[in-house]
Every structure is written in C-alpha cells, then in structure tokens.
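Below: data_33.txt (compact mmCIF, C-alpha atoms)
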# COMPACT_ATOMS: atom_id res chain seq x y z
CA MET Z 1 117.17 136.67 67.06
CA ASN Z 2 119.51 133.95 65.84
CA SER Z 3 117.73 132.58 62.77
CA ASP Z 4 117.55 134.22 59.36
CA LEU Z 5 113.82 133.58 59.49
CA ASN Z 6 113.68 135.70 62.61
CA GLN Z 7 115.69 138.61 61.23
CA THR Z 8 113.38 141.13 59.68
CA SER Z 9 116.43 142.67 58.01
CA SER Z 10 116.69 139.53 55.85
CA GLY Z 11 113.53 140.51 54.04
CA ARG Z 12 111.63 137.47 55.24
CA ALA Z 13 108.87 137.55 57.84
CA PRO Z 14 109.88 136.48 61.33
CA ALA Z 15 108.65 133.04 62.41
CA TYR Z 16 108.02 131.76 65.92
CA VAL Z 17 106.87 128.73 67.85
CA VAL Z 18 104.99 128.46 71.14
CA GLY Z 19 105.72 125.80 73.74
CA LEU Z 20 103.30 125.04 76.58
CA ASP Z 21 103.69 123.24 79.88
CA ALA Z 22 100.15 122.62 81.18
CA GLY Z 23 100.26 120.97 84.60
CA GLY Z 24 98.08 120.38 87.60
CA THR Z 25 99.01 123.69 89.23
CA ARG Z 26 99.71 126.13 86.39
CA THR Z 27 99.96 126.58 82.65
CA ARG Z 28 103.12 128.23 81.28
CA ALA Z 29 103.66 129.33 77.70
CA VAL Z 30 106.86 130.53 76.02
CA LEU Z 31 107.46 132.19 72.67
CA ALA Z 32 110.69 131.29 70.86
CA PRO Z 33 112.23 131.76 67.39
CA LEU Z 34 111.48 128.99 64.93
CA HIS Z 35 114.93 127.48 64.50
CA GLU Z 36 117.01 128.36 67.55
CA GLY Z 37 117.40 130.92 70.27
CA ALA Z 38 116.19 131.65 73.76
CA PRO Z 39 112.52 132.33 74.59
CA GLU Z 40 111.40 135.88 73.88
CA GLY Z 41 108.10 135.87 75.75
CA GLU Z 42 106.49 134.07 78.68
CA GLY Z 43 103.00 133.81 80.14
CA VAL Z 44 101.54 131.96 83.12
CA SER Z 45 97.95 131.10 83.98
CA GLY Z 46 95.91 128.55 85.93
CA PRO Z 47 95.91 124.73 85.87
CA GLY Z 48 96.02 122.86 82.57
CA ASN Z 49 95.39 119.21 83.43
CA ALA Z 50 93.48 117.87 80.45
CA LEU Z 51 91.44 115.41 82.52
CA THR Z 52 90.55 117.41 85.62
CA VAL Z 53 90.12 121.00 84.37
CA PRO Z 54 86.69 121.64 82.75
CA GLY Z 55 86.88 122.35 79.03
CA PRO Z 56 85.88 126.04 79.06
CA GLN Z 57 88.25 126.74 81.94
CA LEU Z 58 91.06 124.90 80.15
CA VAL Z 59 90.52 127.07 77.07
CA GLU Z 60 90.59 130.17 79.27
CA HIS Z 61 93.85 129.20 80.97
CA LEU Z 62 95.56 128.30 77.69
CA ALA Z 63 94.46 131.51 76.01
CA GLU Z 64 95.55 133.62 78.96
CA ALA Z 65 99.03 132.06 79.14
CA ILE Z 66 99.59 132.31 75.37
CA ALA Z 67 98.29 135.88 75.21
CA ARG Z 68 100.79 136.93 77.87
CA ALA Z 69 103.64 135.21 76.03
CA VAL Z 70 102.88 136.39 72.50
CA PRO Z 71 102.41 140.12 71.78
CA ASP Z 72 99.55 141.01 69.43
CA GLU Z 73 101.87 142.01 66.61
CA LEU Z 74 103.66 138.62 66.59
CA ARG Z 75 100.65 136.31 66.71
CA ARG Z 76 100.35 136.05 62.93
CA HIS Z 77 103.98 134.92 62.83
CA VAL Z 78 103.47 131.83 65.03
CA VAL Z 79 103.88 128.82 62.73
CA ALA Z 80 103.88 125.91 65.20
CA VAL Z 81 102.54 125.22 68.70
CA ALA Z 82 103.19 122.22 70.94
CA GLY Z 83 102.02 121.57 74.47
CA GLY Z 84 102.90 119.10 77.18
CA PHE Z 85 99.69 118.41 79.10
CA ALA Z 86 99.12 116.64 82.38
CA GLY Z 87 96.35 114.11 81.78
CA ALA Z 88 97.15 113.71 78.07
CA SER Z 89 98.83 110.80 76.31
CA ARG Z 90 99.92 109.85 72.81
CA THR Z 91 99.35 106.13 73.40
CA ALA Z 92 96.27 106.17 71.14
CA PRO Z 93 94.77 108.67 68.66
CA ASP Z 94 91.45 108.64 70.54
CA GLU Z 95 92.92 109.01 74.04
CA PRO Z 96 90.43 111.27 75.91
CA GLY Z 97 92.94 113.63 77.51
CA ARG Z 98 94.76 114.16 74.23
CA ILE Z 99 91.52 114.88 72.36
CA LYS Z 100 90.32 117.34 74.99
CA ALA Z 101 93.68 119.12 75.18
CA HIS Z 102 93.94 119.46 71.39
CA ALA Z 103 90.39 120.78 71.13
CA ALA Z 104 90.94 123.32 73.93
CA LEU Z 105 94.27 124.44 72.47
CA THR Z 106 92.74 124.87 69.01
CA VAL Z 107 89.94 127.05 70.41
CA ALA Z 108 92.38 129.11 72.50
CA LEU Z 109 94.60 129.78 69.49
CA SER Z 110 91.59 130.76 67.38
CA LYS Z 111 90.49 133.24 70.04
CA LEU Z 112 93.90 134.90 69.80
CA GLY Z 113 94.03 134.94 66.00
CA ILE Z 114 96.89 132.44 65.84
CA SER Z 115 96.67 130.12 62.83
CA ALA Z 116 99.70 127.90 63.32
CA GLY Z 117 100.17 125.21 60.70
CA SER Z 118 101.25 122.65 63.31
CA VAL Z 119 99.44 122.15 66.64
CA GLU Z 120 100.59 119.14 68.66
CA VAL Z 121 99.72 117.70 72.06
CA HIS Z 122 102.17 115.63 74.10
CA SER Z 123 102.10 114.45 77.68
CA ASP Z 124 103.66 116.78 80.24
CA ILE Z 125 106.26 114.18 81.12
CA GLU Z 126 107.34 113.76 77.47
CA ALA Z 127 107.83 117.51 77.27
CA ALA Z 128 109.73 117.58 80.57
CA PHE Z 129 112.08 114.82 79.42
CA ALA Z 130 112.76 116.63 76.15
CA SER Z 131 113.58 119.79 78.14
CA ALA Z 132 116.86 118.30 79.38
CA PRO Z 133 120.07 119.49 77.69
CA GLY Z 134 120.39 118.06 74.21
CA HIS Z 135 116.62 117.32 74.03
CA PRO Z 136 117.10 113.54 74.56
CA ALA Z 137 114.83 111.01 72.88
CA ASP Z 138 115.30 107.96 75.15
CA GLY Z 139 115.59 107.33 78.90
CA LEU Z 140 113.60 107.67 82.11
CA ALA Z 141 111.53 110.57 83.36
CA LEU Z 142 110.19 111.24 86.85
CA VAL Z 143 107.63 113.87 87.82
CA ALA Z 144 107.24 114.66 91.52
CA GLY Z 145 105.06 117.70 92.05
CA THR Z 146 101.36 117.77 92.86
CA GLY Z 147 101.25 114.25 91.44
CA ALA Z 148 103.91 111.59 90.88
CA VAL Z 149 104.65 109.40 87.88
CA ALA Z 150 107.65 107.77 86.21
CA VAL Z 151 107.89 106.70 82.57
CA ARG Z 152 110.28 105.14 80.13
CA ILE Z 153 110.69 107.35 77.07
CA ALA Z 154 111.49 105.79 73.68
CA GLY Z 155 111.65 107.89 70.56
CA ARG Z 156 110.38 110.91 72.56
CA GLU Z 157 107.14 109.10 73.48
CA CYS Z 158 106.03 107.33 76.63
CA ALA Z 159 106.60 103.61 76.23
CA GLU Z 160 105.96 102.44 79.81
CA THR Z 161 104.30 104.16 82.76
CA VAL Z 162 104.46 103.56 86.50
CA GLY Z 163 102.20 105.51 88.87
CA GLY Z 164 100.46 108.73 87.98
CA ASP Z 165 97.08 107.29 88.94
CA GLY Z 166 95.75 110.48 90.52
CA TRP Z 167 94.97 111.51 94.09
CA LEU Z 168 92.29 108.87 94.65
CA LEU Z 169 94.19 105.80 93.48
CA GLY Z 170 97.86 106.70 93.59
CA ASP Z 171 100.40 109.53 93.32
CA ASP Z 172 102.34 108.02 96.23
CA GLY Z 173 105.20 110.29 97.26
CA SER Z 174 103.70 113.34 95.54
CA GLY Z 175 102.95 116.78 96.95
CA PHE Z 176 99.33 115.70 97.37
CA TRP Z 177 100.40 112.55 99.22
CA ILE Z 178 102.69 114.54 101.54
CA GLY Z 179 99.97 117.11 102.22
CA ARG Z 180 97.41 114.43 102.95
CA GLU Z 181 99.82 112.78 105.37
CA ALA Z 182 100.26 116.15 107.11
CA ALA Z 183 96.50 116.40 107.69
CA ARG Z 184 96.34 112.77 108.83
CA VAL Z 185 99.10 113.07 111.42
CA ALA Z 186 97.50 116.27 112.72
CA LEU Z 187 94.22 114.43 113.27
CA ARG Z 188 95.98 111.48 114.89
CA MET Z 189 97.84 113.80 117.21
CA ALA Z 190 94.52 115.32 118.24
CA ASP Z 191 92.67 112.07 118.94
CA GLY Z 192 95.62 110.37 120.66
CA ARG Z 193 96.61 107.86 117.97
CA GLY Z 194 99.78 109.77 117.06
CA GLY Z 195 102.61 111.53 118.82
CA PRO Z 196 103.29 115.27 119.03
CA THR Z 197 104.33 117.11 115.90
CA ALA Z 198 104.62 120.74 114.85
CA LEU Z 199 102.24 119.85 112.03
CA GLY Z 200 99.35 119.89 114.47
CA GLU Z 201 99.67 123.65 114.84
CA SER Z 202 100.87 124.55 111.33
CA VAL Z 203 98.24 122.48 109.52
CA GLY Z 204 95.52 123.86 111.78
CA ARG Z 205 96.69 127.41 111.13
CA ALA Z 206 96.86 126.86 107.36
CA LEU Z 207 93.31 125.51 107.31
CA GLY Z 208 91.84 128.29 109.43
CA VAL Z 209 91.40 126.42 112.71
CA PRO Z 210 91.05 129.02 115.51
CA GLU Z 211 94.18 129.59 117.56
CA ASP Z 212 92.42 128.89 120.86
CA VAL Z 213 91.90 125.22 119.94
CA ARG Z 214 95.19 124.57 118.17
CA PRO Z 215 97.95 122.80 120.18
CA PRO Z 216 99.79 125.45 122.22
CA GLY Z 217 103.56 125.71 122.26
CA ALA Z 218 104.28 124.70 118.66
CA PRO Z 219 106.69 124.27 116.98
CA GLY Z 220 108.36 123.03 120.16
CA PRO Z 221 106.89 120.66 122.74
CA TYR Z 222 103.29 121.57 123.41
CA ASP Z 223 101.60 121.80 126.78
CA THR Z 224 99.72 118.51 127.10
CA ALA Z 225 97.69 119.72 130.03
CA ALA Z 226 96.66 122.91 128.24
CA TRP Z 227 95.53 121.02 125.13
CA THR Z 228 92.57 119.43 126.84
CA ARG Z 229 90.37 116.72 125.43
CA ALA Z 230 87.67 119.29 124.76
CA ARG Z 231 90.09 121.50 122.81
CA ARG Z 232 91.34 118.50 120.86
CA GLU Z 233 87.80 117.57 119.94
CA ALA Z 234 87.09 121.15 118.87
CA TYR Z 235 90.29 121.08 116.78
CA ARG Z 236 89.16 117.93 114.98
CA MET Z 237 85.68 119.28 114.37
CA ARG Z 238 87.18 122.39 112.73
CA LEU Z 239 89.95 120.65 110.79
CA LEU Z 240 87.82 117.96 109.13
CA PRO Z 241 85.31 120.32 107.45
CA ALA Z 242 88.16 122.61 106.37
CA VAL Z 243 89.76 119.68 104.53
CA MET Z 244 86.50 118.37 103.06
CA ASP Z 245 85.41 121.79 101.75
CA ARG Z 246 88.42 121.97 99.40
CA PRO Z 247 89.14 120.02 96.21
CA PRO Z 248 91.21 117.03 97.41
CA VAL Z 249 94.23 117.91 95.28
CA GLN Z 250 94.60 121.16 97.24
CA LEU Z 251 96.04 119.12 100.09
CA ALA Z 252 99.28 119.47 98.12
CA LEU Z 253 99.42 123.04 99.47
CA LEU Z 254 100.25 121.55 102.89
CA ALA Z 255 103.42 119.85 101.62
CA PRO Z 256 105.67 122.90 102.32
CA LEU Z 257 104.59 122.73 105.97
CA VAL Z 258 106.06 119.23 106.16
CA ALA Z 259 109.30 120.40 104.60
CA GLU Z 260 109.52 123.30 107.05
CA ALA Z 261 108.85 121.07 110.08
CA ALA Z 262 111.46 118.58 108.84
CA ARG Z 263 114.04 121.37 108.62
CA HIS Z 264 113.46 121.86 112.36
CA GLN Z 265 114.03 118.12 112.97
CA ASP Z 266 110.39 117.28 113.60
CA PRO Z 267 110.53 113.45 113.59
CA VAL Z 268 106.99 113.00 112.28
CA ALA Z 269 107.61 115.35 109.35
CA GLU Z 270 110.97 113.71 108.63
CA GLY Z 271 109.24 110.34 108.56
CA ILE Z 272 106.71 111.58 106.00
CA LEU Z 273 109.47 112.81 103.68
CA GLU Z 274 111.47 109.60 104.07
CA ALA Z 275 108.38 107.57 103.18
CA ALA Z 276 107.69 109.82 100.16
CA ALA Z 277 111.24 109.32 98.87
CA GLY Z 278 110.81 105.58 99.32
CA HIS Z 279 107.62 105.63 97.23
CA LEU Z 280 109.34 107.54 94.43
CA THR Z 281 112.26 105.10 94.49
CA ASP Z 282 109.87 102.17 94.15
CA THR Z 283 108.19 103.94 91.23
CA VAL Z 284 111.49 104.35 89.39
CA ARG Z 285 112.67 100.83 90.25
CA ALA Z 286 109.52 99.37 88.67
CA LEU Z 287 110.77 100.58 85.27
CA GLY Z 288 113.82 98.31 85.51
CA PRO Z 289 116.42 101.07 85.13
CA ARG Z 290 119.89 100.26 83.86
CA PRO Z 291 122.93 101.68 85.70
CA GLY Z 292 123.96 104.94 84.10
CA GLU Z 293 120.68 105.35 82.24
CA ARG Z 294 119.59 108.96 81.93
CA ILE Z 295 116.80 109.97 84.30
CA VAL Z 296 115.27 113.42 83.96
CA ALA Z 297 113.29 114.73 86.92
CA THR Z 298 110.91 117.64 87.27
CA GLY Z 299 108.52 118.98 89.89
CA GLY Z 300 108.95 121.15 92.95
CA LEU Z 301 109.76 118.24 95.25
CA LEU Z 302 112.96 117.45 93.33
CA GLY Z 303 114.36 120.86 92.39
CA PRO Z 304 117.58 122.39 93.73
CA ASP Z 305 115.80 123.21 97.00
CA GLY Z 306 113.29 120.38 96.87
CA PRO Z 307 112.56 118.55 100.12
CA LEU Z 308 113.01 115.13 98.51
CA THR Z 309 116.05 115.80 96.33
CA ASP Z 310 118.76 114.63 98.74
CA ARG Z 311 116.68 111.76 100.06
CA LEU Z 312 115.87 110.41 96.60
CA THR Z 313 119.39 110.99 95.29
CA ALA Z 314 120.77 108.82 98.09
CA ARG Z 315 118.30 106.04 97.27
CA LEU Z 316 118.97 106.10 93.52
CA ARG Z 317 122.75 106.06 93.85
CA PRO Z 318 122.92 102.28 94.51
CA LEU Z 319 120.91 101.80 91.31
CA GLY Z 320 123.56 103.71 89.35
CA LEU Z 321 121.19 106.61 88.64
CA ALA Z 322 121.72 110.36 89.00
CA LEU Z 323 118.88 112.85 88.65
CA ASP Z 324 119.01 115.42 85.84
CA TRP Z 325 116.50 118.08 86.93
CA VAL Z 326 114.53 120.47 84.68
CA ALA Z 327 112.23 123.27 85.84
CA ASP Z 328 109.30 122.33 83.57
CA GLY Z 329 108.43 121.09 80.10
CA CYS Z 330 108.45 124.39 78.19
CA GLN Z 331 111.82 123.90 76.52
CA GLY Z 332 110.82 120.39 75.48
CA ALA Z 333 107.52 121.70 74.11
CA VAL Z 334 109.44 124.31 72.11
CA ALA Z 335 111.64 121.52 70.74
CA PHE Z 336 108.53 119.52 69.78
CA ALA Z 337 107.02 122.57 68.05
CA ARG Z 338 110.21 123.09 66.06
CA LEU Z 339 110.33 119.41 65.10
CA GLY Z 340 106.66 119.51 64.11
CA TYR Z 341 107.09 122.41 61.71
CA ASP Z 342 107.25 121.11 58.14
CA GLY Z 343 107.91 124.40 56.34

Represent the supplied structure as structure tokens.
Amino acid sequence: MNSDLNQTSSGRAPAYVVGLDAGGTRTRAVLAPLHEGAPEGEGVSGPGNALTVPGPQLVEHLAEAIARAVPDELRRHVVAVAGGFAGASRTAPDEPGRIKAHAALTVALSKLGISAGSVEVHSDIEAAFASAPGHPADGLALVAGTGAVAVRIAGRECAETVGGDGWLLGDDGSGFWIGREAARVALRMADGRGGPTALGESVGRALGVPEDVRPPGAPGPYDTAAWTRARREAYRMRLLPAVMDRPPVQLALLAPLVAEAARHQDPVAEGILEAAAGHLTDTVRALGPRPGERIVATGGLLGPDGPLTDRLTARLRPLGLALDWVADGCQGAVAFARLGYDG
C-alpha cells in the first residue's frame, strides 16, 4: 500500500475507496487505497443499467460485485464509494436514473455493512472518460458497446450528449445495432430480399434453428438448390420466435458473429461493420470536435481487438482525432471516490 493511511504500521487505520462501473452487460467493482495505488480487489456481477435493471435486481448485482471486491475485514475501512452507471446522469438532482442508482447503491452498501461517508453516482461515460491516463476533466468521450453514445465532458461532467437513446430509438453503430442487422440480413437471405451471407447459418445456429433447415454449405457458398423454399420458410418460422422470445438488447450477442464473418471477407458482414463505423463517426462529428481534442473511447467494439477500431480510426483521422481507449470506467470511478472524500 502506498499511502500512510493504508499502512497499518503507521498506527492509523487503513482507508479504502470503491469504484464501480455499472453497464448494460455487467457490473464491476474495484477496491483501492484512499490516496493512491493500484486496485487491491475486484468483483464482477450482472448488469447495472440504472434505467433498465429492476431495482431489487440492481441492488443484488451491486452487492454481489462489491462483496467480491471487498473482503469482510476491510468493509469497515471503506470511506468513499463512487459509481459510473449506464442510465444515470448528473444533469439534474432529480434525474430518475441517478436517483434509482443512488438508492440501490445505498441499500447494497448497507447490506454489506459498509458505511462510507461519501457515496456518489456518475454516468458510466463520465467515469470512463476519467479513467484515461491523468484522469482528464475536459474533452470527448465515446462509448461503443451494447449501446452507443458520445458526449462532451466539461469539468468531469457531461455537458452535451449525442445518441445513447436506447435500442428502440437509437444506439446506431452499437453492438445491439450490429446484432440486429445480423438477424435482419439472415431473414432477408431466407426470403430472397438479400444475397448470400455466412450470417444465415451462424445466426441460425446461435439462435437454435435446427441444422436441417439452416442454409447448407456455410461459411462458403451455399447450395441454392438444397436450400429449398420450404426449408427457407421453416428457417424463418424458427428464427423469428427465437429473436422475439429474448429481451431485445440480447441481439448484441450476435455482434461477434458479424465480426467473425467479416474476418473471412463476407461482404454482407463487412458492410454492416462499415455502416456501424459510419454511424459512430456521425455521432462524434455532431459534437463539433476540434482537431487534436482528446477523445476517450470505451466498449468492446473499440478495444485493441475491436471490430470497429480500425474502421473508426480511419474515419476520425481527417477530423484530427485519435482514439484513447480505456477498458471500463472503474479507474475513473476510483478517482471520483477519492475526489469525493472530504476527510
């Protein structure tokens, strides 16, 4: 431990903070020393979107992640907690997502016997931006994971937002959007509106469509004669209910199939990824970025191995922008917790 407060040999009790990244897919918590130093504990649990996850389930996921990160014997030494929540905002004190997230976090901490003096809720994108080296306070942030949103950060708070309107109204270029396109092109291939693609077979397989009605011959050219009209109709009648029986956001689970097909030069899959990168570029451009302005990106689509990283990088270069990627918002949440501690 690097801080005197975290050295039991100093005669003072150790002090810690907890940072949370609560997103649409998972909730991650980290335990870190109060003043400086690397995380000393980590826990992961289910989704933490403050708007879409029911209150009791949100409490359960928060408590589970924190419990895994903070050993029993250290819980009384946690002095500050901060979380970056999908679906939460600091634009107004009575913002619904912020209120729900704070209430759920308070209950979760109480269940674990943690009585931190400072408990703060931020948006997940504010926490992600602050996770970049140096914990910047101003610039642009882009999230491209299950959902997609870009914001201008000023004084560590969201000042302007583009996108992030959810699966029904927006999230263009997101993992959900890519997965939905995969299901759509599979259906169009089956009914004759679209050309052949390996996604017909891979999407059908992922959604449990029987092999005997899936297009034969994938991932290469399939046998048109063997995939009869009757088999195509049976494919459609199995695929549609499989999609409808799941929460819509779970279509994001099909996005890796598009990336895999694109790696094998499937033109339909490549077209989906190109369109997704175009949507994300439009989202960033709407913020009026200045050449050289810092832009921090997070989300699985834009990581070191992300399927959109190279495509988006090429599109942002003419704007004078270079992506600075972070894995999630935990380090930013830790920074917020440290800043929020008043001694």

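Closest approach to Ala182 in chain Z from the set Z:Leu339, Z:Leu316, Z:Ala226, Z:Val268 is made by Z:Val268, with distances taken over all atoms listed in the file.
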
Quick check, in Å to one decimal: how far apart do CA of Ala32 in chain Z and CA of Arg152 in chain Z lie?
27.7 Å

Residue with smallest distance to Arg317 in chain Z - pool Z:Pro210, Z:Gly299, Z:Gly329, Z:Pro291, counting only C-alpha atoms
Z:Pro291

Contacts of range 56-68 of chain Z at 7 Å or less, counting all atoms listed in the file, minus same-chain residues fewer than 6 places along, as a PDB file with C-alpha atoms, keeping the file's coordinate frame?
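That gives us result35.pdb:
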ATOM      1  CA  THR Z  27      99.960 126.580  82.650  1.00  0.00           C
ATOM      2  CA  ARG Z  28     103.120 128.230  81.280  1.00  0.00           C
ATOM      3  CA  ALA Z  29     103.660 129.330  77.700  1.00  0.00           C
ATOM      4  CA  GLU Z  42     106.490 134.070  78.680  1.00  0.00           C
ATOM      5  CA  GLY Z  43     103.000 133.810  80.140  1.00  0.00           C
ATOM      6  CA  VAL Z  44     101.540 131.960  83.120  1.00  0.00           C
ATOM      7  CA  SER Z  45      97.950 131.100  83.980  1.00  0.00           C
ATOM      8  CA  GLY Z  46      95.910 128.550  85.930  1.00  0.00           C
ATOM      9  CA  PRO Z  47      95.910 124.730  85.870  1.00  0.00           C
ATOM     10  CA  GLY Z  48      96.020 122.860  82.570  1.00  0.00           C
ATOM     11  CA  ALA Z 104      90.940 123.320  73.930  1.00  0.00           C
ATOM     12  CA  LEU Z 105      94.270 124.440  72.470  1.00  0.00           C
ATOM     13  CA  VAL Z 107      89.940 127.050  70.410  1.00  0.00           C
ATOM     14  CA  ALA Z 108      92.380 129.110  72.500  1.00  0.00           C
ATOM     15  CA  LEU Z 109      94.600 129.780  69.490  1.00  0.00           C
TER      16      LEU Z 109
END

How would you write as a VMD selection string the residues that get within 9 Å of (99.2, 114.2, 92.2) in the file's frame, counting all atoms listed in the file?
chain Z and resid 24 144 to 149 164 to 167 170 to 177 249 252

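CA of Ala333 in chain Z is positioned 15.5 Å from CA of Val70 in chain Z.
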
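What separates CA of Thr52 in chain Z from CA of Val334 in chain Z is a distance of 24.2 Å.
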
Of the listed residues Z:Ala327, Z:Leu319, Z:Ala198, Z:Leu112, that which approaches Ala259 in chain Z most closely, counting only C-alpha atoms
Z:Ala198

Neighbours of range 87-102 of chain Z within 6 Å (only C-alpha atoms; same-chain residues fewer than 5 positions away dropped), as a ChimeraX atom specification?
/Z:49-51,123

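Minimum distance to Ala269 in chain Z across Z:Leu187, Z:Ile125, Z:Leu199, Z:Cys330 (counting only C-alpha atoms) occurs at Z:Leu199.
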
All residues 6 Å or closer to Leu34 in chain Z, all atoms listed in the file, same chain fewer than 2 positions away omitted, as a ChimeraX atom specification
/Z:15-17

Counting all atoms listed in the file, which residues come within 9 Å of (108.1, 111.3, 74.5), with the point read in the file's coordinates, and could you list them as an mmCIF file with C-alpha atoms, keeping the file's coordinate frame?
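In the end it all went to out-v7.cif:
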data_model
loop_
_atom_site.group_PDB
_atom_site.id
_atom_site.type_symbol
_atom_site.label_atom_id
_atom_site.label_comp_id
_atom_site.auth_asym_id
_atom_site.auth_seq_id
_atom_site.Cartn_x
_atom_site.Cartn_y
_atom_site.Cartn_z
ATOM 1 C CA ARG Z 90 99.920 109.850 72.810
ATOM 2 C CA HIS Z 122 102.170 115.630 74.100
ATOM 3 C CA SER Z 123 102.100 114.450 77.680
ATOM 4 C CA ILE Z 125 106.260 114.180 81.120
ATOM 5 C CA GLU Z 126 107.340 113.760 77.470
ATOM 6 C CA ALA Z 127 107.830 117.510 77.270
ATOM 7 C CA ALA Z 128 109.730 117.580 80.570
ATOM 8 C CA PHE Z 129 112.080 114.820 79.420
ATOM 9 C CA ALA Z 130 112.760 116.630 76.150
ATOM 10 C CA ALA Z 137 114.830 111.010 72.880
ATOM 11 C CA ASP Z 138 115.300 107.960 75.150
ATOM 12 C CA ARG Z 152 110.280 105.140 80.130
ATOM 13 C CA ILE Z 153 110.690 107.350 77.070
ATOM 14 C CA ALA Z 154 111.490 105.790 73.680
ATOM 15 C CA GLY Z 155 111.650 107.890 70.560
ATOM 16 C CA ARG Z 156 110.380 110.910 72.560
ATOM 17 C CA GLU Z 157 107.140 109.100 73.480
ATOM 18 C CA CYS Z 158 106.030 107.330 76.630
ATOM 19 C CA ALA Z 159 106.600 103.610 76.230
#

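For the choices Z:Thr197, Z:Pro39, Z:Arg188, Z:Leu251, the atom-to-atom distance to Glu270 in chain Z is smallest for Z:Thr197 when using only C-alpha atoms.
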
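Among the candidates Z:Gly217, Z:Glu211, Z:Leu323, Z:Ala190, the one nearest to Met237 in chain Z when counting all atoms listed in the file is Z:Ala190.
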
Would you list the contacts of Pro71 in chain Z as number ranges by chain, taking every protein, DNA or RNA residue within 10 Å and counting all atoms listed in the file, but skipping same-chain residues closer than 5 positions in sequence?
Z: 31, 41, 66, 76

Just want the 12 Å neighbourhood of Thr228 in chain Z, counted on only C-alpha atoms, with same-chain residues fewer than 6 positions away dropped. Output as a ChimeraX atom specification.
/Z:190-192,212-216,222,234-235
